[in-house]
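**Student:** The file below is work.txt, compact mmCIF, C-alpha atoms:
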# COMPACT_ATOMS: atom_id res chain seq x y z
CA MET A 1 -102.84 -72.47 67.20
CA PRO A 2 -99.17 -71.54 66.94
CA GLU A 3 -97.25 -70.13 69.88
CA PRO A 4 -97.03 -66.38 70.49
CA GLY A 5 -94.14 -64.65 68.72
CA ASP A 6 -90.82 -63.69 70.33
CA GLY A 7 -91.57 -59.97 70.07
CA LEU A 8 -94.78 -60.30 72.06
CA LEU A 9 -93.11 -62.45 74.73
CA ALA A 10 -90.15 -60.06 74.96
CA ALA A 11 -92.53 -57.11 75.46
CA ARG A 12 -94.21 -58.99 78.31
CA ALA A 13 -90.86 -59.93 79.83
CA ALA A 14 -89.78 -56.29 79.64
CA GLU A 15 -92.82 -55.45 81.78
CA GLY A 16 -91.78 -57.99 84.38
CA ASP A 17 -93.63 -61.11 83.19
CA GLU A 18 -91.34 -63.96 84.27
CA GLY A 19 -93.55 -66.60 82.67
CA ALA A 20 -93.10 -65.02 79.23
CA PHE A 21 -89.34 -64.93 79.76
CA GLU A 22 -89.36 -68.60 80.71
CA VAL A 23 -91.01 -69.45 77.38
CA LEU A 24 -88.21 -67.56 75.60
CA VAL A 25 -85.52 -69.39 77.59
CA ARG A 26 -87.03 -72.75 76.67
CA ARG A 27 -87.49 -71.76 73.05
CA HIS A 28 -83.99 -70.38 72.45
CA GLY A 29 -82.03 -72.39 75.03
CA PRO A 30 -81.19 -75.36 72.77
CA SER A 31 -79.69 -73.38 69.87
CA LEU A 32 -77.82 -71.03 72.23
CA LEU A 33 -76.38 -74.00 74.15
CA ARG A 34 -75.22 -75.53 70.86
CA LEU A 35 -73.63 -72.24 69.82
CA ALA A 36 -71.81 -71.80 73.15
CA THR A 37 -70.70 -75.45 73.24
CA ARG A 38 -69.18 -75.05 69.79
CA ILE A 39 -67.40 -71.82 70.62
CA LEU A 40 -66.16 -72.98 74.03
CA ASN A 41 -65.65 -76.68 73.27
CA SER A 42 -67.10 -77.54 76.68
CA ARG A 43 -70.68 -78.28 77.62
CA THR A 44 -70.21 -77.25 81.23
CA ASP A 45 -68.71 -73.89 80.35
CA ALA A 46 -71.42 -73.45 77.71
CA GLU A 47 -74.22 -74.00 80.24
CA ASP A 48 -72.66 -71.43 82.57
CA ALA A 49 -72.18 -68.93 79.74
CA VAL A 50 -75.76 -69.27 78.46
CA GLN A 51 -77.13 -69.05 81.99
CA ASP A 52 -75.20 -65.81 82.60
CA ALA A 53 -76.35 -64.51 79.22
CA PHE A 54 -80.04 -65.11 80.00
CA VAL A 55 -79.81 -63.53 83.45
CA ASN A 56 -78.08 -60.55 81.85
CA ALA A 57 -80.81 -60.49 79.18
CA TRP A 58 -83.54 -60.43 81.84
CA ARG A 59 -81.93 -57.35 83.41
CA ARG A 60 -81.55 -55.63 80.07
CA ILE A 61 -84.75 -56.68 78.38
CA PRO A 62 -86.51 -53.35 79.09
CA GLU A 63 -83.91 -51.88 76.68
CA PHE A 64 -84.71 -54.48 74.01
CA ARG A 65 -86.60 -52.53 71.38
CA GLY A 66 -87.21 -55.23 68.88
CA ASP A 67 -85.17 -53.60 66.11
CA ALA A 68 -83.14 -56.82 65.98
CA SER A 69 -84.91 -60.12 66.42
CA PHE A 70 -84.82 -61.56 69.94
CA SER A 71 -82.79 -64.44 68.60
CA THR A 72 -80.08 -62.16 67.12
CA TRP A 73 -80.07 -60.15 70.35
CA MET A 74 -79.48 -63.34 72.39
CA TYR A 75 -76.83 -64.60 69.95
CA ARG A 76 -75.02 -61.33 70.53
CA ILE A 77 -75.17 -61.60 74.33
CA VAL A 78 -74.13 -65.28 74.32
CA THR A 79 -71.29 -64.72 71.82
CA ASN A 80 -69.93 -61.82 73.86
CA ARG A 81 -70.12 -63.90 77.03
CA CYS A 82 -68.23 -66.73 75.25
CA LEU A 83 -65.59 -64.30 73.94
CA ASN A 84 -65.00 -63.12 77.51
CA VAL A 85 -64.64 -66.71 78.70
CA LEU A 86 -62.15 -67.48 75.90
CA ARG A 87 -60.15 -64.32 76.56
CA ALA A 88 -59.96 -65.19 80.25
CA ARG A 89 -58.69 -68.66 79.35
CA ARG A 90 -55.88 -67.42 77.15
CA PRO A 91 -53.41 -65.98 79.66
CA THR A 92 -52.99 -69.46 81.15
CA GLN A 93 -51.57 -70.62 77.83
CA ASP A 94 -47.88 -70.26 77.51
CA LEU A 95 -46.71 -69.95 73.95
CA GLY A 96 -44.20 -72.79 74.18
CA SER A 97 -46.59 -75.42 75.43
CA VAL A 98 -50.23 -75.33 74.56
CA PRO A 99 -52.05 -77.11 77.39
CA GLU A 100 -54.44 -79.95 76.79
CA PRO A 101 -57.75 -78.49 75.73
CA PRO A 102 -60.63 -79.20 78.09
CA ALA A 103 -61.97 -82.62 77.12
CA PRO A 104 -65.14 -82.11 75.12
CA GLU A 105 -67.90 -83.80 77.04
CA HIS A 106 -69.89 -85.81 74.60
CA ALA A 107 -73.55 -86.54 75.00
CA SER A 108 -74.37 -88.81 77.87
CA SER A 109 -75.28 -91.96 75.95
CA PRO A 110 -72.56 -94.58 76.55
CA VAL A 111 -72.87 -95.78 72.95
CA ARG A 112 -72.09 -92.35 71.67
CA ALA A 113 -69.23 -91.92 74.11
CA ALA A 114 -67.83 -95.26 73.00
CA GLU A 115 -68.01 -94.17 69.39
CA SER A 116 -65.62 -91.41 70.46
CA ARG A 117 -65.82 -89.24 67.44
CA ALA A 118 -62.12 -88.78 67.06
CA SER A 119 -62.37 -86.47 64.09
CA VAL A 120 -64.84 -84.16 65.81
CA ARG A 121 -62.46 -84.00 68.74
CA ALA A 122 -59.56 -83.31 66.39
CA LEU A 123 -61.50 -80.38 64.96
CA GLY A 124 -62.13 -79.13 68.48
CA ASP A 125 -58.41 -79.37 69.21
CA ALA A 126 -57.50 -77.57 66.00
CA MET A 127 -59.89 -74.75 66.98
CA GLN A 128 -57.74 -74.09 70.06
CA GLY A 129 -55.28 -72.44 67.70
CA LEU A 130 -57.75 -69.73 66.66
CA THR A 131 -58.13 -66.36 68.33
CA PRO A 132 -61.41 -65.95 70.25
CA GLU A 133 -62.77 -63.64 67.52
CA GLN A 134 -61.80 -65.99 64.67
CA ARG A 135 -63.34 -68.86 66.52
CA ALA A 136 -66.64 -67.12 67.18
CA CYS A 137 -66.93 -65.90 63.58
CA TRP A 138 -66.02 -69.30 62.16
CA VAL A 139 -68.53 -71.15 64.37
CA LEU A 140 -71.31 -68.70 63.50
CA ARG A 141 -70.52 -69.08 59.81
CA GLU A 142 -69.70 -72.76 59.38
CA LEU A 143 -71.51 -74.52 62.20
CA GLN A 144 -74.49 -72.19 62.66
CA GLY A 145 -74.70 -71.28 58.97
CA LEU A 146 -75.35 -67.55 59.45
CA PRO A 147 -74.76 -64.92 56.72
CA TYR A 148 -71.76 -62.59 57.11
CA ASP A 149 -73.93 -59.53 57.72
CA GLU A 150 -75.73 -61.14 60.62
CA ILE A 151 -72.43 -62.32 62.11
CA ALA A 152 -71.06 -58.78 61.82
CA ASP A 153 -74.11 -57.57 63.70
CA ILE A 154 -73.68 -60.22 66.41
CA VAL A 155 -69.97 -59.63 67.02
CA GLY A 156 -70.24 -55.85 66.55
CA SER A 157 -67.89 -55.72 63.58
CA THR A 158 -68.00 -55.15 59.83
CA HIS A 159 -68.91 -57.58 57.07
CA GLN A 160 -65.37 -57.27 55.72
CA ALA A 161 -63.67 -57.94 59.06
CA VAL A 162 -65.85 -61.00 59.60
CA ARG A 163 -64.92 -62.37 56.17
CA GLY A 164 -61.26 -61.87 57.03
CA ARG A 165 -61.60 -63.73 60.33
CA VAL A 166 -63.50 -66.60 58.77
CA PHE A 167 -60.84 -66.86 56.06
CA ARG A 168 -57.97 -66.93 58.57
CA ALA A 169 -59.81 -69.51 60.64
CA ARG A 170 -60.35 -71.71 57.57
CA ARG A 171 -56.74 -71.38 56.63
CA HIS A 172 -55.55 -72.41 60.06
CA LEU A 173 -58.02 -75.28 60.27
CA THR A 174 -57.35 -76.69 56.78
CA GLU A 175 -53.67 -76.84 57.69
CA ALA A 176 -54.27 -78.35 61.12
CA MET A 177 -56.73 -80.93 59.80
CA SER A 178 -54.70 -82.04 56.80
CA SER A 179 -51.76 -82.82 59.09
CA TRP A 180 -54.11 -84.67 61.45
CA ARG A 181 -55.16 -86.98 58.67
CA MET B 182 -61.27 -59.98 48.08
CA ALA B 183 -59.34 -57.35 50.01
CA LEU B 184 -58.66 -58.50 53.53
CA GLY B 185 -56.98 -55.25 54.49
CA ASP B 186 -53.34 -54.24 54.23
CA ASP B 187 -52.15 -56.46 57.04
CA ALA B 188 -53.59 -59.51 55.35
CA TYR B 189 -51.32 -59.59 52.32
CA GLU B 190 -49.02 -62.21 53.79
CA GLU B 191 -51.89 -64.29 55.03
CA ASP B 192 -53.68 -64.55 51.72
CA PRO B 193 -51.15 -66.03 49.33
CA ALA B 194 -51.63 -65.83 45.57
CA LEU B 195 -51.76 -69.17 43.78
CA PRO B 196 -49.66 -69.66 40.61
CA CYS B 197 -52.82 -68.97 38.56
CA GLY B 198 -53.03 -65.46 40.01
CA ARG B 199 -56.03 -65.89 42.26
CA THR B 200 -55.60 -65.54 45.98
CA LEU B 201 -56.62 -68.32 48.32
CA SER B 202 -59.48 -66.28 49.79
CA GLU B 203 -60.77 -65.53 46.28
CA VAL B 204 -60.77 -69.20 45.36
CA TRP B 205 -62.64 -70.25 48.49
CA GLU B 206 -65.17 -67.46 48.31
CA LYS B 207 -65.85 -67.87 44.61
CA ALA B 208 -66.56 -71.53 45.25
CA GLU B 209 -69.28 -70.48 47.68
CA GLU B 210 -70.73 -67.72 45.57
CA THR B 211 -70.41 -69.11 42.04
CA PRO B 212 -70.06 -72.89 42.32
CA ASP B 213 -69.83 -73.43 38.53
CA ASP B 214 -67.02 -70.93 37.90
CA PRO B 215 -65.27 -72.09 34.65
CA HIS B 216 -61.79 -70.96 35.72
CA ALA B 217 -61.82 -72.94 38.97
CA ALA B 218 -63.19 -76.05 37.24
CA GLY B 219 -60.21 -76.18 34.87
CA CYS B 220 -57.45 -74.83 37.13
CA PRO B 221 -55.28 -77.40 38.96
CA HIS B 222 -54.16 -74.82 41.55
CA CYS B 223 -57.68 -73.82 42.40
CA GLN B 224 -58.72 -77.46 42.51
CA GLU B 225 -55.99 -78.28 44.99
CA ALA B 226 -56.99 -75.39 47.24
CA LEU B 227 -60.62 -76.52 47.06
CA THR B 228 -59.71 -80.09 47.92
CA ARG B 229 -58.02 -78.87 51.08
CA LEU B 230 -61.10 -76.89 52.02
CA GLY B 231 -63.20 -79.95 51.19
CA VAL B 232 -61.33 -82.00 53.79
CA LEU B 233 -62.19 -79.39 56.41
CA ASP B 234 -65.80 -79.30 55.21
CA ASP B 235 -66.08 -83.05 55.81
CA TYR B 236 -65.05 -82.60 59.42
CA VAL B 237 -67.39 -79.67 59.78
CA ARG B 238 -70.28 -81.73 58.45
CA GLU B 239 -69.45 -84.50 60.88
CA ALA B 240 -69.31 -82.03 63.76
CA ARG B 241 -72.70 -80.62 62.74
CA ASP B 242 -74.25 -84.06 62.34
CA SER B 243 -72.92 -85.18 65.71
CA THR B 244 -75.31 -82.70 67.33
CA ALA B 245 -78.28 -83.71 65.22
CA ASP B 246 -78.96 -87.32 66.21
CA GLU B 247 -81.46 -88.57 68.78
CA ALA B 248 -79.02 -89.01 71.64
CA ALA B 249 -77.74 -85.48 71.12
CA GLU B 250 -81.29 -84.16 71.06
CA ALA B 251 -82.11 -85.92 74.32
CA ALA B 252 -78.97 -84.45 75.88
CA ASP B 253 -79.94 -80.99 74.55
CA ALA B 254 -83.42 -81.35 76.05
CA ALA B 255 -81.98 -82.28 79.44
CA ALA B 256 -79.50 -79.41 79.29
CA THR B 257 -82.30 -76.99 78.37
CA GLU B 258 -84.36 -78.15 81.36
CA ARG B 259 -81.39 -77.59 83.67
CA LEU B 260 -80.68 -74.22 82.11
CA THR B 261 -84.29 -73.05 82.35
CA ALA B 262 -84.54 -74.07 86.02
CA ARG B 263 -81.28 -72.32 86.92
CA VAL B 264 -82.08 -69.15 84.97
CA MET B 265 -85.60 -68.86 86.36
CA ASP B 266 -84.40 -69.41 89.95
CA LEU B 267 -82.08 -66.45 89.52
CA VAL B 268 -84.63 -64.33 87.65
CA ARG B 269 -87.23 -64.81 90.41
CA THR B 270 -84.82 -63.59 93.10
CA GLU B 271 -84.25 -60.35 91.21
CA LEU B 272 -86.56 -57.63 92.38
CA ARG B 273 -87.81 -55.43 89.65
CA PRO B 274 -89.88 -52.88 91.48
CA GLY B 275 -92.47 -51.49 89.12
CA ARG B 276 -95.07 -48.81 89.55
CA THR B 277 -97.86 -49.36 92.03
CA LEU B 278 -101.52 -48.51 91.54
CA PRO B 279 -104.03 -47.70 94.28
CA LEU B 280 -106.78 -50.21 94.97
CA GLY B 281 -110.17 -49.35 96.39
CA GLU B 282 -110.84 -46.06 98.19
CA PRO B 283 -108.03 -43.56 98.85
CA ALA B 284 -108.34 -44.17 102.59
CA ASP B 285 -107.81 -47.89 102.12
CA ASP B 286 -104.11 -47.53 101.35
CA VAL B 287 -104.02 -50.78 99.39
CA TRP B 288 -101.82 -51.04 96.33
CA ILE B 289 -101.19 -53.38 93.46
CA THR B 290 -98.13 -53.40 91.22
CA GLU B 291 -98.67 -52.54 87.60
CA ALA B 292 -97.09 -55.91 86.69
CA ALA B 293 -99.67 -57.81 88.76
CA ALA B 294 -102.58 -55.85 87.30
CA ALA B 295 -101.19 -56.35 83.79
CA LYS B 296 -100.91 -60.08 84.42
CA ALA B 297 -104.59 -60.26 85.38
CA PHE B 298 -105.62 -58.22 82.30
CA ARG B 299 -103.55 -60.31 79.92
CA ALA B 300 -104.96 -63.50 81.39
CA ALA B 301 -108.47 -62.10 80.91
CA ALA B 302 -107.80 -61.24 77.25
CA GLU B 303 -106.33 -64.69 76.67
CA THR B 304 -109.53 -66.40 77.74
CA LEU B 305 -110.60 -65.54 74.19
CA PRO B 306 -109.71 -68.21 71.63
CA ALA B 307 -106.60 -67.62 69.49
CA VAL B 308 -105.65 -64.43 71.32
CA TYR B 309 -102.26 -63.65 72.86
CA ALA B 310 -101.69 -60.55 74.95
CA GLY B 311 -98.36 -58.75 74.80
CA SER B 312 -97.42 -55.41 76.30
CA CYS B 313 -99.99 -54.16 78.81
CA ARG B 314 -99.55 -50.77 80.46
CA VAL B 315 -101.84 -49.46 83.15
CA ALA B 316 -101.82 -45.71 83.76
CA LEU B 317 -103.60 -43.52 86.25
CA THR B 318 -105.50 -40.62 84.71
CA ALA B 319 -105.61 -38.88 88.11
CA PRO B 320 -103.70 -39.61 91.34
CA GLU B 321 -106.52 -41.77 92.69
CA GLY B 322 -107.72 -43.18 89.42
CA PRO B 323 -109.51 -44.08 87.25
CA MET B 324 -107.03 -45.94 85.06
CA THR B 325 -106.49 -46.56 81.41
CA VAL B 326 -105.23 -49.86 80.08
CA SER B 327 -103.22 -50.08 76.83
CA MET B 328 -102.81 -53.58 75.56
CA GLU B 329 -101.21 -55.13 72.50
CA VAL B 330 -102.56 -58.40 71.19
CA GLU B 331 -101.79 -60.97 68.53
CA ALA B 332 -104.74 -62.93 67.27
CA GLY B 333 -105.65 -65.66 64.85
CA LEU B 334 -106.99 -64.77 61.43
CA ARG B 335 -110.42 -66.06 62.45
CA TRP B 336 -111.12 -62.72 64.17
CA GLU B 337 -112.83 -59.68 62.69
CA LEU B 338 -110.78 -56.79 64.06
CA PRO B 339 -113.57 -54.57 65.50
CA GLU B 340 -115.14 -57.60 67.13
CA LEU B 341 -111.78 -58.67 68.57
CA ALA B 342 -111.07 -55.22 70.02
CA GLU B 343 -114.55 -55.09 71.56
CA GLN B 344 -114.24 -58.54 73.13
CA VAL B 345 -110.79 -57.76 74.57
CA ARG B 346 -112.14 -54.52 76.05
CA ARG B 347 -115.06 -56.31 77.62
CA ARG B 348 -112.85 -59.00 79.22
CA VAL B 349 -110.37 -56.46 80.55
CA ARG B 350 -113.13 -54.33 82.07
CA ALA B 351 -114.69 -57.39 83.69
CA ALA B 352 -111.33 -58.39 85.16
CA ALA B 353 -110.80 -54.83 86.42
CA ASP B 354 -114.17 -54.88 88.20
CA GLU B 355 -114.22 -58.42 89.48
CA ALA B 356 -110.68 -59.69 89.82
CA VAL B 357 -108.46 -56.66 90.39
CA GLY B 358 -110.83 -54.16 91.92
CA VAL B 359 -109.85 -51.04 90.04
CA THR B 360 -111.87 -48.62 87.96
CA VAL B 361 -110.85 -48.57 84.34
CA SER B 362 -112.03 -45.64 82.26
CA ALA B 363 -110.65 -46.74 78.89
CA VAL B 364 -109.12 -49.80 77.33
CA ASP B 365 -106.94 -49.13 74.33
CA VAL B 366 -106.40 -52.27 72.26
CA ARG B 367 -103.68 -52.45 69.59
CA ILE B 368 -103.68 -55.46 67.33
CA VAL B 369 -100.01 -55.90 66.50
CA ASP B 370 -100.11 -59.11 64.52
CA LEU B 371 -102.52 -61.54 62.95
CA ILE B 372 -101.46 -65.15 63.10
CA ASP B 373 -102.04 -67.61 60.34
CA GLU B 374 -103.54 -70.44 62.33
CA SER B 375 -102.63 -73.07 59.77
CA GLY B 376 -99.29 -73.53 61.48
CA GLU B 377 -96.99 -70.69 60.44
CA GLU B 378 -95.35 -69.06 63.43
CA PRO B 379 -95.38 -65.30 63.63
CA ALA B 380 -92.04 -63.62 63.07
Could you write out this structure as structure tokens?
**Tutor:**
Amino acid sequence: MPEPGDGLLAARAAEGDEGAFEVLVRRHGPSLLRLATRILNSRTDAEDAVQDAFVNAWRRIPEFRGDASFSTWMYRIVTNRCLNVLRARRPTQDLGSVPEPPAPEHASSPVRAAESRASVRALGDAMQGLTPEQRACWVLRELQGLPYDEIADIVGSTHQAVRGRVFRARRHLTEAMSSWR
Amino acid sequence: MALGDDAYEEDPALPCGRTLSEVWEKAEETPDDPHAAGCPHCQEALTRLGVLDDYVREARDSTADEAAEAADAAATERLTARVMDLVRTELRPGRTLPLGEPADDVWITEAAAAKAFRAAAETLPAVYAGSCRVALTAPEGPMTVSMEVEAGLRWELPELAEQVRRRVRAAADEAVGVTVSAVDVRIVDLIDESGEEPA
């Protein structure tokens, strides 16, 4: 027997069923953590952002009407939370000297850490040059593989604006990465 | 593609006349475009994008191996514990319903009654209970219960509705101690039990 659907669990959560909400957190936690880690380039910040997003979602779930899927709804809350974190980070950057990006914390296995995926880190560094909006759109498109329309829905923008941001992000990153090589 | 007026500078035209954004997007949408295949300018632009794509693939793959999955599982456990600790401290006062005789002054929250009714419905095989509202028809009762359920395809619908009603009434009498005058069952989804998850 498969598990109950998201819509049913969300309806229960909206009526105060914490157990149903816990199933949703477990089900969607991994992909939302990956999304936030990619946007924020930090696992610690990502865990905080996704935690805040879920607590916020619990408070707002009575308003969730199921016209979007629960997953899209959570993507929207997490992406907005990440955008706020990125925007709050920016004023500390002075235009002349871009500070060291927070070191991406790689998975705990020592073997993996030793492999030190230099190119993945280089990509993370190059992403520091994107605006928060470009970064979120690019991650949703290239790393999460979502269609433009869904991204527009998540970031509250238009299909056309999302395409423009993804293009500018690609342009910046192709330049940054070809000089890295 | 038009990026908007402000984008003119950012989307340079290649010597072949196509803009960079056009070249990249066409490659996604029509991979066997004859112009791009034979155009050196387009090819160069695509090679540059290809370099980025390699890094992107590596970044995606780096989160897909076993060690990364184990780390994700640990992070999800931490996340779930932290979120649920916070959720449980948040009071969400719901409606209360009277229990027993009016003079008894004993109450139960709608959420607690709903929990008992859902649990009763879910004693049936391949049945999941969703929304469950309990409403008083008069200030002191009786009550009506409206419940949504998802069920496996093994069920005949009238039989399912009847069984859910019976379980809910039994729970109302025995477990909760309220008088229920009607149980309204809505079957919102039928689940293919061969393994497909409901949407």
**Student:** Report as a count of residues only the set of chain A residues whose atoms approach chain B to within 6 Å, with distances computed over all atoms listed in the file.
**Tutor:** 13
**Student:** Nearest to Arg171 of chain A among B:Ala301, B:Ala353, B:Leu227, B:Ala363, with distances taken over all atoms listed in the file: which residue is it?
**Tutor:**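 Between B:Ala301, B:Ala353, B:Leu227, B:Ala363, the residue approaching Arg171 of chain A most closely is B:Leu227.
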**Student:** So how many Å separate atom CA of Glu340 of chain B and atom CA of Ser362 of chain B, to one decimal?
**Tutor:**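 Interatomic distance, atom CA of Glu340 of chain B to atom CA of Ser362 of chain B: 19.5 Å.
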**Student:** Rounded to one decimal place, report the atom CA of His28 of chain A-atom CA of Ile61 of chain A distance in Å.
**Tutor:** 14.9 Å
**Student:** Which polymer residues have any atom within 10 Å of an atom of segment 135-138 of chain A, counting all atoms listed in the file, with same-chain residues fewer than 5 positions away left out, as a ChimeraX atom specification?
**Tutor:** /A:35-36,38-40,79-80,82-83,86,127-130,143-146,148,151-152,154-155,161-170
**Student:** Between atom CA of Val366 of chain B and atom CA of Ala342 of chain B, what is the distance, to one decimal in Å?
**Tutor:**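 Computed distance, atom CA of Val366 of chain B to atom CA of Ala342 of chain B, equals 6.0 Å.
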**Student:** Compare B:Thr277, B:Thr290, B:Ser327, B:Gln344 by their minimum atom-to-atom distance to Leu305 of chain B, counting only C-alpha atoms, and give me the closest one.
**Tutor:**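 Checking each candidate against Leu305 of chain B, we get B:Gln344 as the closest.
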**Student:** Can you tell me which residues surround Ala122 of chain A at a distance of at most 8 Å, considering all atoms listed in the file, apart from same-chain residues fewer than 3 positions away, and format the answer as a ChimeraX atom specification?
**Tutor:** /A:118-119,125-126,177,180
**Student:** Could you name the residues that touch Cys223 of chain B at 8 Å or less, counting all atoms listed in the file, but leaving out those on the same chain fewer than 3 positions away, as a ChimeraX atom specification?
**Tutor:** /B:195,197,204,217-218,220,226-227
**Student:** Produce a file of the selected residues containing C-alpha atoms, as a PDB file, keeping the file's coordinate frame.
**Tutor:**
ATOM      1  CA  LEU B 195     -51.760 -69.170  43.780  1.00  0.00           C
ATOM      2  CA  CYS B 197     -52.820 -68.970  38.560  1.00  0.00           C
ATOM      3  CA  VAL B 204     -60.770 -69.200  45.360  1.00  0.00           C
ATOM      4  CA  ALA B 217     -61.820 -72.940  38.970  1.00  0.00           C
ATOM      5  CA  ALA B 218     -63.190 -76.050  37.240  1.00  0.00           C
ATOM      6  CA  CYS B 220     -57.450 -74.830  37.130  1.00  0.00           C
ATOM      7  CA  ALA B 226     -56.990 -75.390  47.240  1.00  0.00           C
ATOM      8  CA  LEU B 227     -60.620 -76.520  47.060  1.00  0.00           C
TER       9      LEU B 227
END
**Student:** With distances taken over all atoms listed in the file, which residue among A:Arg43, A:Gly7, A:Glu150, A:Ala14 lies nearest Asp67 of chain A?
**Tutor:**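 Answer, going by the shortest atom-to-atom distance: A:Gly7.
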**Student:** Hey, could you pull the box centre and edge lengths for segment 258-262 of chain B, axis-aligned, 6 Å padding per side, all listed atoms, to one decimal in Å, as JSON?
**Tutor:**
{"center_x": -82.6, "center_y": -75.6, "center_z": 83.7, "size_x": 15.9, "size_y": 17.1, "size_z": 16.7}
**Student:** Generate the coordinates of N, CA and C atoms for segment 33-51 of chain A; report them as a compact mmCIF listing (two decimals), in the coordinates of the input.
**Tutor:**
# COMPACT_ATOMS: atom_id res chain seq x y z
N LEU A 33 -77.30 -73.05 73.51
CA LEU A 33 -76.38 -74.00 74.15
C LEU A 33 -75.47 -74.63 73.10
N ARG A 34 -76.04 -74.95 71.93
CA ARG A 34 -75.22 -75.53 70.86
C ARG A 34 -74.15 -74.53 70.42
N LEU A 35 -74.58 -73.28 70.23
CA LEU A 35 -73.63 -72.24 69.82
C LEU A 35 -72.49 -72.12 70.84
N ALA A 36 -72.84 -72.01 72.12
CA ALA A 36 -71.81 -71.80 73.15
C ALA A 36 -70.92 -73.03 73.28
N THR A 37 -71.51 -74.22 73.15
CA THR A 37 -70.70 -75.45 73.24
C THR A 37 -69.68 -75.48 72.11
N ARG A 38 -70.09 -75.05 70.93
CA ARG A 38 -69.18 -75.05 69.79
C ARG A 38 -68.08 -74.01 69.96
N ILE A 39 -68.43 -72.85 70.46
CA ILE A 39 -67.40 -71.82 70.62
C ILE A 39 -66.45 -72.20 71.75
N LEU A 40 -66.99 -72.74 72.84
CA LEU A 40 -66.16 -72.98 74.03
C LEU A 40 -65.57 -74.38 74.09
N ASN A 41 -66.11 -75.30 73.28
CA ASN A 41 -65.65 -76.68 73.27
C ASN A 41 -65.81 -77.33 74.65
N SER A 42 -66.83 -76.94 75.37
CA SER A 42 -67.10 -77.54 76.68
C SER A 42 -68.56 -77.31 77.02
N ARG A 43 -69.25 -78.39 77.30
CA ARG A 43 -70.68 -78.28 77.62
C ARG A 43 -70.90 -77.57 78.94
N THR A 44 -70.04 -77.86 79.91
CA THR A 44 -70.21 -77.25 81.23
C THR A 44 -70.03 -75.74 81.15
N ASP A 45 -68.95 -75.33 80.50
CA ASP A 45 -68.71 -73.89 80.35
C ASP A 45 -69.84 -73.25 79.55
N ALA A 46 -70.34 -73.99 78.55
CA ALA A 46 -71.42 -73.45 77.71
C ALA A 46 -72.67 -73.22 78.54
N GLU A 47 -73.02 -74.17 79.41
CA GLU A 47 -74.22 -74.00 80.24
C GLU A 47 -74.08 -72.78 81.14
N ASP A 48 -72.89 -72.61 81.71
CA ASP A 48 -72.66 -71.43 82.57
C ASP A 48 -72.78 -70.14 81.76
N ALA A 49 -72.18 -70.15 80.56
CA ALA A 49 -72.18 -68.93 79.74
C ALA A 49 -73.60 -68.56 79.33
N VAL A 50 -74.39 -69.57 78.91
CA VAL A 50 -75.76 -69.27 78.46
C VAL A 50 -76.63 -68.85 79.64
N GLN A 51 -76.39 -69.47 80.79
CA GLN A 51 -77.13 -69.05 81.99
C GLN A 51 -76.84 -67.58 82.30
